[in-house]
$ cat query.txt   # compact mmCIF, C-alpha atoms
# COMPACT_ATOMS: atom_id res chain seq x y z
CA MET A 1 -16.25 -21.88 39.91
CA LYS A 2 -13.57 -20.24 37.79
CA LEU A 3 -13.54 -21.08 34.10
CA GLU A 4 -10.13 -21.73 32.63
CA ALA A 5 -11.15 -22.35 29.04
CA LEU A 6 -14.11 -22.23 26.68
CA ILE A 7 -14.53 -23.93 23.35
CA PHE A 8 -16.74 -22.36 20.70
CA ASP A 9 -18.10 -23.83 17.51
CA LEU A 10 -17.76 -21.16 14.83
CA ASP A 11 -20.60 -22.62 12.81
CA GLY A 12 -23.64 -20.66 13.88
CA VAL A 13 -22.37 -19.73 17.35
CA LEU A 14 -19.98 -16.85 16.81
CA THR A 15 -21.04 -16.09 13.26
CA ASP A 16 -23.63 -17.33 10.80
CA THR A 17 -21.88 -19.54 8.26
CA ALA A 18 -25.02 -20.79 6.50
CA GLU A 19 -24.27 -18.64 3.45
CA CYS A 20 -20.76 -20.11 3.19
CA HIS A 21 -22.21 -23.63 3.22
CA TYR A 22 -24.77 -22.67 0.57
CA LEU A 23 -22.17 -21.10 -1.71
CA ALA A 24 -19.87 -24.12 -1.37
CA TRP A 25 -22.69 -26.54 -2.21
CA GLN A 26 -23.80 -24.29 -5.07
CA ARG A 27 -20.30 -24.31 -6.55
CA LEU A 28 -20.07 -28.09 -6.36
CA ALA A 29 -23.54 -28.54 -7.87
CA ASP A 30 -22.68 -26.13 -10.69
CA GLU A 31 -19.49 -28.07 -11.45
CA LEU A 32 -21.54 -31.26 -11.67
CA SER A 33 -24.36 -29.58 -13.68
CA ILE A 34 -26.84 -30.47 -10.95
CA PRO A 35 -29.75 -28.11 -10.29
CA PHE A 36 -29.43 -26.53 -6.85
CA ASP A 37 -31.01 -23.45 -5.32
CA ARG A 38 -31.74 -21.87 -1.95
CA GLU A 39 -34.99 -23.82 -1.59
CA ARG A 40 -33.21 -27.15 -2.07
CA ASN A 41 -30.46 -25.93 0.27
CA GLN A 42 -33.03 -25.80 3.09
CA LEU A 43 -33.15 -29.61 2.98
CA LEU A 44 -29.49 -29.68 4.02
CA ARG A 45 -29.86 -27.70 7.24
CA GLY A 46 -28.81 -29.64 10.32
CA ILE A 47 -27.56 -32.76 8.56
CA GLY A 48 -24.06 -33.99 7.85
CA ARG A 49 -21.94 -33.42 4.78
CA LEU A 50 -22.37 -36.89 3.27
CA GLU A 51 -26.13 -36.85 3.87
CA SER A 52 -26.28 -33.42 2.26
CA LEU A 53 -24.29 -34.66 -0.70
CA GLU A 54 -26.72 -37.55 -1.18
CA ILE A 55 -29.61 -35.06 -1.37
CA ILE A 56 -27.77 -33.01 -3.97
CA LEU A 57 -26.83 -36.07 -6.01
CA GLU A 58 -30.50 -37.15 -6.18
CA LYS A 59 -30.85 -34.56 -8.96
CA SER A 60 -27.88 -35.91 -10.91
CA GLU A 61 -28.28 -37.95 -14.06
CA ARG A 62 -25.36 -40.20 -13.16
CA ALA A 63 -24.41 -42.48 -10.29
CA PHE A 64 -21.33 -41.87 -8.17
CA THR A 65 -19.14 -44.41 -6.43
CA SER A 66 -18.41 -44.20 -2.71
CA SER A 67 -14.92 -43.02 -3.55
CA GLU A 68 -16.26 -40.26 -5.80
CA LYS A 69 -18.72 -39.21 -3.12
CA SER A 70 -15.93 -38.95 -0.56
CA GLU A 71 -13.92 -36.80 -2.98
CA LEU A 72 -16.93 -34.58 -3.70
CA ALA A 73 -17.65 -34.11 0.01
CA ALA A 74 -14.01 -33.20 0.62
CA ARG A 75 -14.08 -30.77 -2.30
CA LYS A 76 -17.19 -29.07 -0.90
CA ASN A 77 -15.46 -28.81 2.48
CA ASP A 78 -12.43 -27.20 0.86
CA TYR A 79 -14.70 -24.64 -0.81
CA TYR A 80 -16.36 -23.96 2.53
CA LYS A 81 -13.04 -23.55 4.35
CA SER A 82 -11.85 -21.04 1.78
CA LEU A 83 -15.08 -19.06 2.18
CA ILE A 84 -14.90 -18.87 5.98
CA LEU A 85 -11.42 -17.38 5.68
CA GLU A 86 -13.18 -14.30 4.30
CA ILE A 87 -15.40 -13.83 7.38
CA THR A 88 -14.72 -10.49 9.03
CA PRO A 89 -15.25 -9.28 12.62
CA GLN A 90 -18.28 -7.35 11.34
CA GLU A 91 -20.01 -10.67 10.78
CA ILE A 92 -19.96 -11.73 14.44
CA LEU A 93 -23.52 -12.45 15.58
CA PRO A 94 -25.27 -9.85 17.75
CA GLY A 95 -24.28 -10.04 21.39
CA MET A 96 -21.28 -12.29 20.84
CA ARG A 97 -18.71 -9.49 21.04
CA ASP A 98 -20.10 -8.44 24.45
CA LEU A 99 -20.24 -12.04 25.64
CA LEU A 100 -16.65 -12.67 24.61
CA GLY A 101 -15.59 -9.50 26.44
CA GLN A 102 -17.39 -10.60 29.60
CA LEU A 103 -15.89 -14.08 29.42
CA ARG A 104 -12.43 -12.64 28.88
CA GLY A 105 -12.93 -10.56 32.06

$ encode --input "query.txt" --output "structure tokens"
Amino acid sequence: MKLEALIFDLDGVLTDTAECHYLAWQRLADELSIPFDRERNQLLRGIGRLESLEIILEKSERAFTSSEKSELAARKNDYYKSLILEITPQEILPGMRDLLGQLRG
């Protein structure tokens, strides 16, 4: 069977973007004066953006409306997207460069 196309998910497949997610959440938490660190960040692994936001907001002293939460989640995503623009070819996960070469062939 000849493959005609492949689709890759950047997030953790071609490169490790966990640090970009952490830094984006950290920035948002700092803006909201909410305590957040790498240990708390571990609670966010493998869950969606809105679920992650709820975990972060648990440490907040104020309540947020659904609309505010949507805006905050979008803001975090914007921070994340700006961070992944800085990913370089040197950050490709081990073995992926060879795999991509083999697939191209």

$ closest_residue --input "query.txt" --among "A:Ile92, A:Leu3, A:Leu72, A:Leu43" --to "Ile55 of chain A" --atoms "only C-alpha atoms"
A:Leu43

$ closest_residue --input "query.txt" --among "A:Met96, A:Phe64, A:Lys81, A:Phe8" --to "Leu32 of chain A" --atoms "only C-alpha atoms"
A:Phe64

$ closest_residue --input "query.txt" --among "A:Arg27, A:Lys69, A:Arg104, A:Lys2" --to "Leu53 of chain A" --atoms "only C-alpha atoms"
A:Lys69

$ atom_distance --input "query.txt" --atom1 "atom CA of Tyr80 of chain A" --atom2 "atom CA of Glu19 of chain A"
9.6 Å

$ closest_residue --input "query.txt" --among "A:Leu93, A:Leu50, A:Leu23, A:Ala29" --to "Ser66 of chain A" --atoms "only C-alpha atoms"
A:Leu50

$ closest_residue --input "query.txt" --among "A:Ser82, A:Thr65, A:Gly12, A:Lys76" --to "Gly46 of chain A" --atoms "only C-alpha atoms"
A:Gly12

$ decode --input "query.txt" --residues "segment 62-76 of chain A" --atoms "all heavy atoms" --output "short mmCIF file (atom, residue, chain, number, x, y, z; two decimals), in the first residue's frame"
data_model
loop_
_atom_site.label_atom_id
_atom_site.label_comp_id
_atom_site.auth_asym_id
_atom_site.auth_seq_id
_atom_site.Cartn_x
_atom_site.Cartn_y
_atom_site.Cartn_z
N ARG A 62 -11.05 35.04 43.25
CA ARG A 62 -12.29 35.55 42.67
C ARG A 62 -12.92 34.52 41.75
O ARG A 62 -12.27 33.57 41.33
CB ARG A 62 -12.05 36.85 41.92
CG ARG A 62 -11.20 36.72 40.67
CD ARG A 62 -11.25 37.99 39.84
NE ARG A 62 -12.47 38.04 39.07
CZ ARG A 62 -12.54 38.39 37.81
NH1 ARG A 62 -11.46 38.73 37.15
NH2 ARG A 62 -13.68 38.41 37.17
N ALA A 63 -14.18 34.72 41.46
CA ALA A 63 -14.92 33.85 40.53
C ALA A 63 -14.89 34.48 39.14
O ALA A 63 -14.81 35.71 39.01
CB ALA A 63 -16.35 33.68 41.01
N PHE A 64 -14.94 33.65 38.14
CA PHE A 64 -14.92 34.12 36.76
C PHE A 64 -16.17 33.62 36.04
O PHE A 64 -16.63 32.50 36.27
CB PHE A 64 -13.68 33.58 36.03
CG PHE A 64 -12.40 34.14 36.55
CD1 PHE A 64 -11.76 33.57 37.65
CD2 PHE A 64 -11.81 35.24 35.95
CE1 PHE A 64 -10.57 34.08 38.14
CE2 PHE A 64 -10.61 35.76 36.43
CZ PHE A 64 -10.00 35.19 37.53
N THR A 65 -16.71 34.45 35.19
CA THR A 65 -17.88 34.06 34.40
C THR A 65 -17.43 33.13 33.28
O THR A 65 -16.23 33.03 32.97
CB THR A 65 -18.57 35.29 33.77
OG1 THR A 65 -17.66 35.87 32.81
CG2 THR A 65 -18.96 36.32 34.83
N SER A 66 -18.39 32.47 32.66
CA SER A 66 -18.09 31.60 31.52
C SER A 66 -17.42 32.39 30.40
O SER A 66 -16.48 31.91 29.77
CB SER A 66 -19.36 30.94 31.00
OG SER A 66 -19.87 30.05 31.94
N SER A 67 -17.91 33.59 30.19
CA SER A 67 -17.33 34.45 29.15
C SER A 67 -15.88 34.80 29.47
O SER A 67 -15.01 34.76 28.59
CB SER A 67 -18.17 35.72 29.01
OG SER A 67 -17.60 36.59 28.08
N GLU A 68 -15.61 35.13 30.71
CA GLU A 68 -14.24 35.44 31.12
C GLU A 68 -13.34 34.22 30.98
O GLU A 68 -12.19 34.33 30.53
CB GLU A 68 -14.21 35.93 32.58
CG GLU A 68 -14.79 37.31 32.77
CD GLU A 68 -14.91 37.69 34.23
OE1 GLU A 68 -15.34 36.83 35.05
OE2 GLU A 68 -14.59 38.84 34.56
N LYS A 69 -13.87 33.05 31.33
CA LYS A 69 -13.08 31.83 31.20
C LYS A 69 -12.75 31.55 29.74
O LYS A 69 -11.62 31.15 29.44
CB LYS A 69 -13.83 30.64 31.81
CG LYS A 69 -13.91 30.70 33.33
CD LYS A 69 -14.73 29.55 33.86
CE LYS A 69 -14.89 29.63 35.36
NZ LYS A 69 -15.71 28.52 35.89
N SER A 70 -13.69 31.76 28.87
CA SER A 70 -13.43 31.57 27.44
C SER A 70 -12.34 32.51 26.96
O SER A 70 -11.45 32.12 26.20
CB SER A 70 -14.70 31.79 26.61
OG SER A 70 -15.64 30.79 26.89
N GLU A 71 -12.39 33.76 27.41
CA GLU A 71 -11.38 34.75 27.03
C GLU A 71 -10.02 34.36 27.58
O GLU A 71 -9.00 34.47 26.89
CB GLU A 71 -11.78 36.14 27.53
CG GLU A 71 -10.87 37.27 27.06
CD GLU A 71 -9.62 37.43 27.92
OE1 GLU A 71 -9.70 37.25 29.14
OE2 GLU A 71 -8.55 37.73 27.34
N LEU A 72 -9.98 33.89 28.81
CA LEU A 72 -8.72 33.49 29.43
C LEU A 72 -8.11 32.28 28.71
O LEU A 72 -6.90 32.23 28.46
CB LEU A 72 -8.91 33.16 30.91
CG LEU A 72 -9.25 34.34 31.82
CD1 LEU A 72 -9.62 33.85 33.21
CD2 LEU A 72 -8.09 35.34 31.87
N ALA A 73 -8.95 31.31 28.35
CA ALA A 73 -8.47 30.14 27.63
C ALA A 73 -7.92 30.54 26.26
O ALA A 73 -6.88 30.04 25.83
CB ALA A 73 -9.59 29.11 27.48
N ALA A 74 -8.60 31.46 25.60
CA ALA A 74 -8.12 31.95 24.29
C ALA A 74 -6.81 32.71 24.45
O ALA A 74 -5.90 32.58 23.62
CB ALA A 74 -9.19 32.83 23.64
N ARG A 75 -6.70 33.48 25.51
CA ARG A 75 -5.47 34.24 25.76
C ARG A 75 -4.30 33.28 25.98
O ARG A 75 -3.21 33.45 25.44
CB ARG A 75 -5.63 35.16 26.97
CG ARG A 75 -4.45 36.09 27.13
CD ARG A 75 -4.46 36.98 28.35
NE ARG A 75 -5.76 37.40 28.85
CZ ARG A 75 -5.92 37.97 30.05
NH1 ARG A 75 -4.88 38.18 30.85
NH2 ARG A 75 -7.10 38.33 30.46
N LYS A 76 -4.54 32.24 26.80
CA LYS A 76 -3.48 31.24 27.02
C LYS A 76 -3.08 30.62 25.70
O LYS A 76 -1.90 30.42 25.41
CB LYS A 76 -3.96 30.16 27.99
CG LYS A 76 -2.91 29.09 28.28
CD LYS A 76 -2.94 27.96 27.27
CE LYS A 76 -1.86 26.92 27.56
NZ LYS A 76 -1.83 25.86 26.55
#
